[in-house]
Amino acid sequence: MTEPTDTTRQSDADDAKQPRTERGRRTQRKLLDAAAEEFAEKGFHEASIASITRAAGTALGSFYTYFESKDAIFRALVRDMSRQVGRHAVAAIGEETGALAIERLALQSFLAFAREHKEIYRIIDEAEFVDPESYRRHYETIASRIEGRLRAGAESGELRHDVGELQAWAIMGMNVFLGLRYVVWGDEGDAASLAAEANRMIARGIAAKD
């Protein structure tokens with residue numbers, strides 16, 4: 001995926017005004033966390049800035065120091081969730097270099113993250129209708145991360161030489177729906193076991209062996 005355009009960077013800056021102090025960053029973090037709960041519980045249209053600031057323990061007027069509107073904090077929240085997923089994956093992967101092991105750890109990290117933040121599913125799904133650009137960007141960003149890892153695995157010789165975008169989107173789709181089934185709809189199985197089983201399918205396929 002190419003680097004964000006100037007237009008994208010400007011849009012990001014407009015959605016969330018970057019705090020200059022540590023106190024400001026903490027306040028903005030509180031607002032984003034409160035917004036996640038508010039949007040997850042009530043949906044975008046029923047959520048209110050007043051409820052978000054009340055839950056964050058901040059003054060109503062201070063909201064506009066960090067965000068222009070409810071739409072802006074929603075867009076910022078979708079981006080924030082994408083970044084959190086990425087940071088958790090990087091931390092889980094650590095120094096691992098094996099391509100298949102990396103995908104197993106990345107999925108395990110996502111399932112663990114989703115278990116702690118089930119609201120991500122409702123918020124991302126709602127973004128399809130509230131802000132389609134943010135919705136698409138979320139999935140394109142994650143697919144790009146996976147594609148980069150797969151191509152690195154191909155270059156090392158561990159994966160097929162022709163893996164790329166299609167395989168990245170297929171793996172992302174599998175990961176998303178595993179989280180939906182085993183984390184959101186039912187708290188079944190531990191993240192490590194689920195990721196290991198999915199990883200075996202990636203490595204071996206599902207065709208019967210002669």
# chains A, B, ... in the order shown; residues from 1 in each chain; ligands from 1
$ select_by_dssp --residues "segment 54-166 of chain A" --states "helix (DSSP H, G or I)" --output "PyMOL selection string"
chain A and resi 54-56+60-66+70-93+99-116+119-130+132-156+165-166
$ closest_atom_pairs --of "segment 82-143 of chain A" --to "segment 161-172 of chain A" --cutoff "10 Å" --atoms "only C-alpha atoms" --output "tab-separated table"
residue	atom	partner	partner_atom	distance
A:Glu103	CA	A:Ile171	CA	8.9
A:Leu107	CA	A:Met172	CA	9.0
A:Tyr139	CA	A:Met172	CA	8.4
A:Glu140	CA	A:Trp169	CA	8.7
A:Ile142	CA	A:Met172	CA	7.5
A:Ala143	CA	A:Ala168	CA	5.6
$ residues_around --residues "segment 174-179 of chain A" --least-positions-apart "3" --cutoff "10 Å" --atoms "only C-alpha atoms" --output "PyMOL selection string"
chain A and resi 106-108+110-115+118+121+168-171+182-187+191+194-195+198
$ closest_atom_pairs --of "segment 68-183 of chain A" --to "segment 47-60 of chain A" --cutoff "12 Å" --atoms "only C-alpha atoms" --output "JSON lines"
{"residue": "A:Glu68", "atom": "CA", "partner": "A:Ile49", "partner_atom": "CA", "distance": 10.7}
{"residue": "A:Ser69", "atom": "CA", "partner": "A:Ile49", "partner_atom": "CA", "distance": 8.1}
{"residue": "A:Lys70", "atom": "CA", "partner": "A:Ile49", "partner_atom": "CA", "distance": 6.3}
{"residue": "A:Asp71", "atom": "CA", "partner": "A:Ile49", "partner_atom": "CA", "distance": 10.1}
{"residue": "A:Ala72", "atom": "CA", "partner": "A:Ile49", "partner_atom": "CA", "distance": 11.0}
{"residue": "A:Ile73", "atom": "CA", "partner": "A:Ile49", "partner_atom": "CA", "distance": 9.3}
{"residue": "A:Phe74", "atom": "CA", "partner": "A:Ala47", "partner_atom": "CA", "distance": 10.3}
{"residue": "A:Ile123", "atom": "CA", "partner": "A:Ala47", "partner_atom": "CA", "distance": 11.8}
$ residues_around --residues "Tyr135 of chain A" --least-positions-apart "4" --cutoff "8 Å" --atoms "only C-alpha atoms" --output "number ranges by chain"
A: 78, 124-125, 127-128, 131, 139
$ closest_atom_pairs --of "segment 115-202 of chain A" --to "segment 79-97 of chain A" --cutoff "8 Å" --atoms "only C-alpha atoms" --output "CSV"
residue,atom,partner,partner_atom,distance
A:Ile120,CA,A:Met81,CA,7.1
A:Ser134,CA,A:Arg79,CA,7.3
A:His138,CA,A:Ser82,CA,6.0
A:Thr141,CA,A:Ser82,CA,7.7
A:Ile142,CA,A:Ser82,CA,7.4
$ closest_residue --among "A:Tyr66, A:Lys30, A:Ile102, A:Ala36" --to "Glu119 of chain A" --atoms "only C-alpha atoms"
A:Ala36
$ atom_distance --atom1 "atom CA of Asp33 of chain A" --atom2 "atom CA of Gly189 of chain A"
27.0 Å
$ atom_distance --atom1 "atom CA of Ser156 of chain A" --atom2 "atom CA of Arg137 of chain A"
28.7 Å
$ closest_residue --among "A:Glu158, A:Phe63, A:Arg25, A:His45" --to "Phe129 of chain A" --atoms "only C-alpha atoms"
A:His45
$ decode --residues "segment 103-145 of chain A" --atoms "C-alpha atoms" --output "PDB file, in the first residue's frame"
ATOM      1  CA  GLU A 103       0.772 -15.198  11.096  1.00  0.00           C
ATOM      2  CA  ARG A 104      -0.098 -17.473  14.019  1.00  0.00           C
ATOM      3  CA  LEU A 105       1.072 -14.896  16.539  1.00  0.00           C
ATOM      4  CA  ALA A 106      -0.677 -12.063  14.697  1.00  0.00           C
ATOM      5  CA  LEU A 107      -3.991 -13.937  14.748  1.00  0.00           C
ATOM      6  CA  GLN A 108      -3.526 -14.922  18.376  1.00  0.00           C
ATOM      7  CA  SER A 109      -2.903 -11.264  19.192  1.00  0.00           C
ATOM      8  CA  PHE A 110      -6.007 -10.137  17.306  1.00  0.00           C
ATOM      9  CA  LEU A 111      -8.250 -12.694  19.023  1.00  0.00           C
ATOM     10  CA  ALA A 112      -6.920 -11.657  22.421  1.00  0.00           C
ATOM     11  CA  PHE A 113      -7.430  -7.987  21.554  1.00  0.00           C
ATOM     12  CA  ALA A 114     -10.968  -8.610  20.306  1.00  0.00           C
ATOM     13  CA  ARG A 115     -11.793 -10.506  23.482  1.00  0.00           C
ATOM     14  CA  GLU A 116     -10.870  -7.425  25.495  1.00  0.00           C
ATOM     15  CA  HIS A 117     -12.424  -4.988  23.011  1.00  0.00           C
ATOM     16  CA  LYS A 118     -15.477  -6.670  21.533  1.00  0.00           C
ATOM     17  CA  GLU A 119     -16.830  -3.255  20.668  1.00  0.00           C
ATOM     18  CA  ILE A 120     -14.442  -3.145  17.719  1.00  0.00           C
ATOM     19  CA  TYR A 121     -16.828  -5.307  15.695  1.00  0.00           C
ATOM     20  CA  ARG A 122     -19.865  -3.073  16.113  1.00  0.00           C
ATOM     21  CA  ILE A 123     -17.895   0.101  15.542  1.00  0.00           C
ATOM     22  CA  ILE A 124     -16.107  -1.113  12.429  1.00  0.00           C
ATOM     23  CA  ASP A 125     -19.299  -2.609  10.999  1.00  0.00           C
ATOM     24  CA  GLU A 126     -21.166   0.644  11.581  1.00  0.00           C
ATOM     25  CA  ALA A 127     -18.370   2.570   9.899  1.00  0.00           C
ATOM     26  CA  GLU A 128     -19.440   0.993   6.608  1.00  0.00           C
ATOM     27  CA  PHE A 129     -22.521   3.219   6.713  1.00  0.00           C
ATOM     28  CA  VAL A 130     -21.383   6.139   8.885  1.00  0.00           C
ATOM     29  CA  ASP A 131     -18.079   6.737   7.106  1.00  0.00           C
ATOM     30  CA  PRO A 132     -17.380   4.312   4.235  1.00  0.00           C
ATOM     31  CA  GLU A 133     -13.933   5.804   3.616  1.00  0.00           C
ATOM     32  CA  SER A 134     -12.814   4.962   7.168  1.00  0.00           C
ATOM     33  CA  TYR A 135     -14.329   1.491   6.836  1.00  0.00           C
ATOM     34  CA  ARG A 136     -12.439   0.770   3.639  1.00  0.00           C
ATOM     35  CA  ARG A 137      -9.224   2.295   4.945  1.00  0.00           C
ATOM     36  CA  HIS A 138      -9.390   0.087   8.045  1.00  0.00           C
ATOM     37  CA  TYR A 139      -9.437  -3.122   6.045  1.00  0.00           C
ATOM     38  CA  GLU A 140      -6.995  -1.916   3.398  1.00  0.00           C
ATOM     39  CA  THR A 141      -4.531  -1.019   6.144  1.00  0.00           C
ATOM     40  CA  ILE A 142      -4.753  -4.409   7.823  1.00  0.00           C
ATOM     41  CA  ALA A 143      -4.580  -6.281   4.505  1.00  0.00           C
ATOM     42  CA  SER A 144      -1.503  -4.263   3.576  1.00  0.00           C
ATOM     43  CA  ARG A 145       0.227  -5.312   6.800  1.00  0.00           C
TER      44      ARG A 145
END
